[in-house]
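Please read the structure below before turning to the comments.
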Amino acid sequence: MYALLDCNSFYCSCERLFRPDLEHRPVVVLSNNDGCVIARSDEAKAAGIGMGTPYFQCRELVREKDVAVFSSNYQLYGDLSMRVMDTVRQLLGPDKIEVYSVDEAFLDFSAIPPDQLEAYARNLRQTVEQWTGIRVSIGVAQTKVLCKVANRLAKKQKAVTGCVMVLDHPEKTQSALEQTEVGETWGVGHQYAEKLRQWGISTAWKLSRMPEEWVKKNLGGVVGQRLFHELNGLPCIEMKDPLENKKMIGTSRMFGRRVFELKDLREAVASYTARAAEKLRRQSSAASVVEVYLVTASEEKFTYHPKKYSASARLSHPSSMTNELIAYTLPLVEALFIQGPRYLKAGVNFSELVPENSTQCNLFETTGKTSGSSCGRKENKKLMAALDNINASQQGEMVRFAASGLERSWKMRQELMSPRYTTKWNELFEVH
DNA sequence: TCTGGGGTCCTAGGACCC
DNA sequence: TCTGGGGTCCTAGGACCC
């Protein structure tokens with residue numbers, strides 16, 4: 001058996017943790033640039049604020065219902081997420097947890113006796129709340145997809161379930177699937193949901209009763225087939241190895257104001273390159289290919305039709321050094337840039353990642369941009385390590401490349417940010 | 001005026017090979 | 001009129017997730 005542990009309205013719960021006065025007030029958290037609503041407390045949902053609604057569209061409602069609004073504070077959420085995951089690790093064992101996202105983890109419950117599943121899950125839920133202050137819901141079932149179903153209902157019917165649902169009998173599973181709209185099923189997005197509804201398949205239960213071949217043919221081949229088996233209690237999606245590295249690493253941002261100039265784009269791309277390179281080094285990878293893309297606003301008025309332009313380059317040897325990577329990404333921005341359109345966003349992607357220590361130097365290349373022996377890269381590596389160290393301990397871009405600019409007026413807006421209570425000395429929670 | 005960021009996996013189709 | 005069969009590799013793009 002598996003379990004899915006999911007924090008309730010995670011970002012809102014984090015904001016409330018240090019603001020008990022918000023306990024019964026509606027709370028929402030906005031995306032970067034204070035663009036859309038990406039997290040809502042139950043009260044905010046009840047007030048009619050939809051997921052993903054642009055902030056400017058619900059300002060009225062926010063005022064009317066006295067909603068507390070926050071910019072996203074990822075340092076705070078990241079730190080509290082770690083506390084939750086560590087708690088679970090401590091109770092269940094380090095190899096029994098797969099952290100799936102900042103607020104979710106799949107748990108391996110195979111060692112727990114069938115008659116104790118429910119009690120175990122309830123105890124776990126209770127302990128996490130007690131130790132971290134974060135409320136979680138737990139769904140237990142034979143497969144990951146069924147855990148998702150269980151978890152969703154556990155949360156939706158809090159009063160009845162106490163945030164825990166165990167699907168350990170076929171009748172329970174059937175009933176849960178019947179209560180799950182097909183579009184709410186994990187793995188069924190907008191497109192498939194629409195298609196399925198046209199066929200009269202309205203619930204997860206109906207989908208699970210279709211012929212396997214039909215599902216395979218109409219729901220993306222093997223992906224659909226897997227979903228079908230999972231719905232029928234046959235596990236196809238295993239626990240993932242936590243040590244697995246990412247295959248692609250990127251950084252992108254919408255701009256905080258109107259951008260037309262090459263100078264701003266260069267600075268932004270240099271910044272994103274630096275940020276993505278940091279992520280590369282954190283998992284000890286080096287990139288073989290870099291891609292830069294720019295997104296422009298469309299010419300058509302009143303509609304939102306962004307257009308993406310991208311260009312890529314292969315490195316002479318895989319690298320994770322910020323200065324080397326910037327030397328590839330900046331020429332790409334320059335090649336892509338055209339005078340005229342307004343730019344909304346830029347991004348950098350690194351792919352074909354290889355382990356950092358296995359990278360080969362290019363035999364025909366001179367010793368590189370910095371002085372020194374053996375590819376001239378040892379010093380460079382030390383420099384990057386020092387840079388990462390300083391920036392990690394200071395929680396920000398304390399030291400950065402000049403190419404990323406000084407003024408940086410294109411940076412995103414975050415006007416409603418709460419203090420980083422748990423990770424910054426000068427923003428600690430104070431008791432008077 | 002104002003719409004996020006970071007990923008994964010899979011398929012189709014073209015180019016190329018013998 | 002009639003034009004093979006089997007395979008690999010790569011890329012672009014679709015669909016999904018939180």
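To be explicit about the labels: the chains of the structure tokens are called A, B, and onward in the order shown, and within each one the residues are counted from 1, while ligands get numbers from 1 in the order they are shown.
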
Using only C-alpha atoms (C1' of nucleotides), I'd like a table of the residues in chain A that come within 6 Å of chain B; for each, show the closest atom pair and its distance in Å rounded to one decimal, ordered by chain and ascending number, as a tab-separated table.
```
residue	atom	partner	partner_atom	distance
A:Ser31	CA	B:DG4	C1'	5.1
A:Asn32	CA	B:DG4	C1'	5.5
A:Pro54	CA	B:DT3	C1'	5.4
A:Phe56	CA	B:DC2	C1'	5.7
```

Selection export as an mmCIF file, in the first residue's frame, atoms kept: N, CA, C and O atoms:
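Wrote result-v6.cif, looks like this:
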```cif
data_model
loop_
_atom_site.group_PDB
_atom_site.id
_atom_site.type_symbol
_atom_site.label_atom_id
_atom_site.label_comp_id
_atom_site.auth_asym_id
_atom_site.auth_seq_id
_atom_site.Cartn_x
_atom_site.Cartn_y
_atom_site.Cartn_z
ATOM 1 N N SER A 31 1.175 34.490 -7.245
ATOM 2 C CA SER A 31 2.340 34.008 -7.992
ATOM 3 C C SER A 31 3.387 35.114 -8.045
ATOM 4 O O SER A 31 3.142 36.239 -7.626
ATOM 5 N N ASN A 32 4.525 34.819 -8.604
ATOM 6 C CA ASN A 32 5.558 35.831 -8.810
ATOM 7 C C ASN A 32 4.966 37.004 -9.563
ATOM 8 O O ASN A 32 4.052 36.828 -10.368
ATOM 9 N N PRO A 54 -6.350 35.977 -12.121
ATOM 10 C CA PRO A 54 -5.464 37.145 -12.073
ATOM 11 C C PRO A 54 -5.871 38.047 -10.909
ATOM 12 O O PRO A 54 -7.061 38.290 -10.698
ATOM 13 N N PHE A 56 -5.655 41.233 -10.438
ATOM 14 C CA PHE A 56 -6.392 42.467 -10.758
ATOM 15 C C PHE A 56 -7.875 42.190 -10.983
ATOM 16 O O PHE A 56 -8.701 43.070 -10.835
#
```

TODO: Could you tell me, as a list in words, which residues of region 306-392 of chain A DSSP assigns to strand (DSSP E or B) when given the backbone?
DONE: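 Residues of region 306-392 of chain A classed as strand (DSSP E or B): Lys307, Lys308, Tyr309, Ser310, Ala311, Ser312, Ala313, Arg314, Leu315, Ser316, His317, Pro318, Ser319, Tyr343, Leu344, Lys345, Ala346, Gly347, Val348, Asn349, Phe350, Ser351, Glu352, Leu353, Val354 and Pro355 of chain A.
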
Running DSSP on the backbone, which parts of region 219-371 of chain A land in alpha helix (DSSP H), as number ranges by chain? A: 222-231, 262-282, 322-336

If you keep C-alpha atoms, can you produce a file of those selected residues as a PDB file, in the first residue's frame?
```
ATOM      1  CA  VAL A 222       1.020   3.846 -22.620  1.00  0.00           C
ATOM      2  CA  VAL A 223       0.312   6.834 -20.372  1.00  0.00           C
ATOM      3  CA  GLY A 224      -3.403   6.104 -20.547  1.00  0.00           C
ATOM      4  CA  GLN A 225      -2.820   2.403 -20.116  1.00  0.00           C
ATOM      5  CA  ARG A 226      -0.872   3.064 -16.933  1.00  0.00           C
ATOM      6  CA  LEU A 227      -3.606   5.303 -15.603  1.00  0.00           C
ATOM      7  CA  PHE A 228      -6.164   2.604 -16.362  1.00  0.00           C
ATOM      8  CA  HIS A 229      -4.250  -0.040 -14.411  1.00  0.00           C
ATOM      9  CA  GLU A 230      -3.621   2.300 -11.507  1.00  0.00           C
ATOM     10  CA  LEU A 231      -7.332   3.083 -11.258  1.00  0.00           C
ATOM     11  CA  LEU A 262      18.496  44.669 -25.365  1.00  0.00           C
ATOM     12  CA  LYS A 263      20.347  45.888 -22.285  1.00  0.00           C
ATOM     13  CA  ASP A 264      17.565  44.718 -19.979  1.00  0.00           C
ATOM     14  CA  LEU A 265      17.270  41.376 -21.746  1.00  0.00           C
ATOM     15  CA  ARG A 266      21.017  40.802 -21.465  1.00  0.00           C
ATOM     16  CA  GLU A 267      20.947  41.512 -17.743  1.00  0.00           C
ATOM     17  CA  ALA A 268      17.969  39.287 -17.176  1.00  0.00           C
ATOM     18  CA  VAL A 269      19.439  36.400 -19.164  1.00  0.00           C
ATOM     19  CA  ALA A 270      22.762  36.736 -17.342  1.00  0.00           C
ATOM     20  CA  SER A 271      20.898  36.613 -14.011  1.00  0.00           C
ATOM     21  CA  TYR A 272      18.860  33.564 -15.006  1.00  0.00           C
ATOM     22  CA  THR A 273      21.978  31.847 -16.312  1.00  0.00           C
ATOM     23  CA  ALA A 274      23.625  32.403 -12.944  1.00  0.00           C
ATOM     24  CA  ARG A 275      20.607  31.101 -11.072  1.00  0.00           C
ATOM     25  CA  ALA A 276      20.263  28.007 -13.244  1.00  0.00           C
ATOM     26  CA  ALA A 277      24.015  27.328 -13.039  1.00  0.00           C
ATOM     27  CA  GLU A 278      23.693  27.373  -9.267  1.00  0.00           C
ATOM     28  CA  LYS A 279      21.008  24.693  -9.527  1.00  0.00           C
ATOM     29  CA  LEU A 280      23.283  22.676 -11.809  1.00  0.00           C
ATOM     30  CA  ARG A 281      26.114  22.780  -9.292  1.00  0.00           C
ATOM     31  CA  ARG A 282      23.795  21.858  -6.461  1.00  0.00           C
ATOM     32  CA  THR A 322      28.486  30.612 -14.468  1.00  0.00           C
ATOM     33  CA  ASN A 323      31.040  32.657 -16.401  1.00  0.00           C
ATOM     34  CA  GLU A 324      31.436  29.979 -19.079  1.00  0.00           C
ATOM     35  CA  LEU A 325      27.688  29.571 -19.439  1.00  0.00           C
ATOM     36  CA  ILE A 326      27.079  33.310 -19.657  1.00  0.00           C
ATOM     37  CA  ALA A 327      29.566  33.405 -22.512  1.00  0.00           C
ATOM     38  CA  TYR A 328      27.164  31.144 -24.413  1.00  0.00           C
ATOM     39  CA  THR A 329      23.824  32.600 -23.389  1.00  0.00           C
ATOM     40  CA  LEU A 330      24.573  36.288 -24.018  1.00  0.00           C
ATOM     41  CA  PRO A 331      25.345  35.879 -27.740  1.00  0.00           C
ATOM     42  CA  LEU A 332      22.108  33.921 -28.042  1.00  0.00           C
ATOM     43  CA  VAL A 333      20.043  36.799 -26.621  1.00  0.00           C
ATOM     44  CA  GLU A 334      21.749  39.170 -28.999  1.00  0.00           C
ATOM     45  CA  ALA A 335      20.967  36.922 -31.929  1.00  0.00           C
ATOM     46  CA  LEU A 336      17.320  36.636 -30.916  1.00  0.00           C
TER      47      LEU A 336
END
```

Atom pair CA of Glu415 (chain A) + CA of Phe18 (chain A), distance 18.8 Å
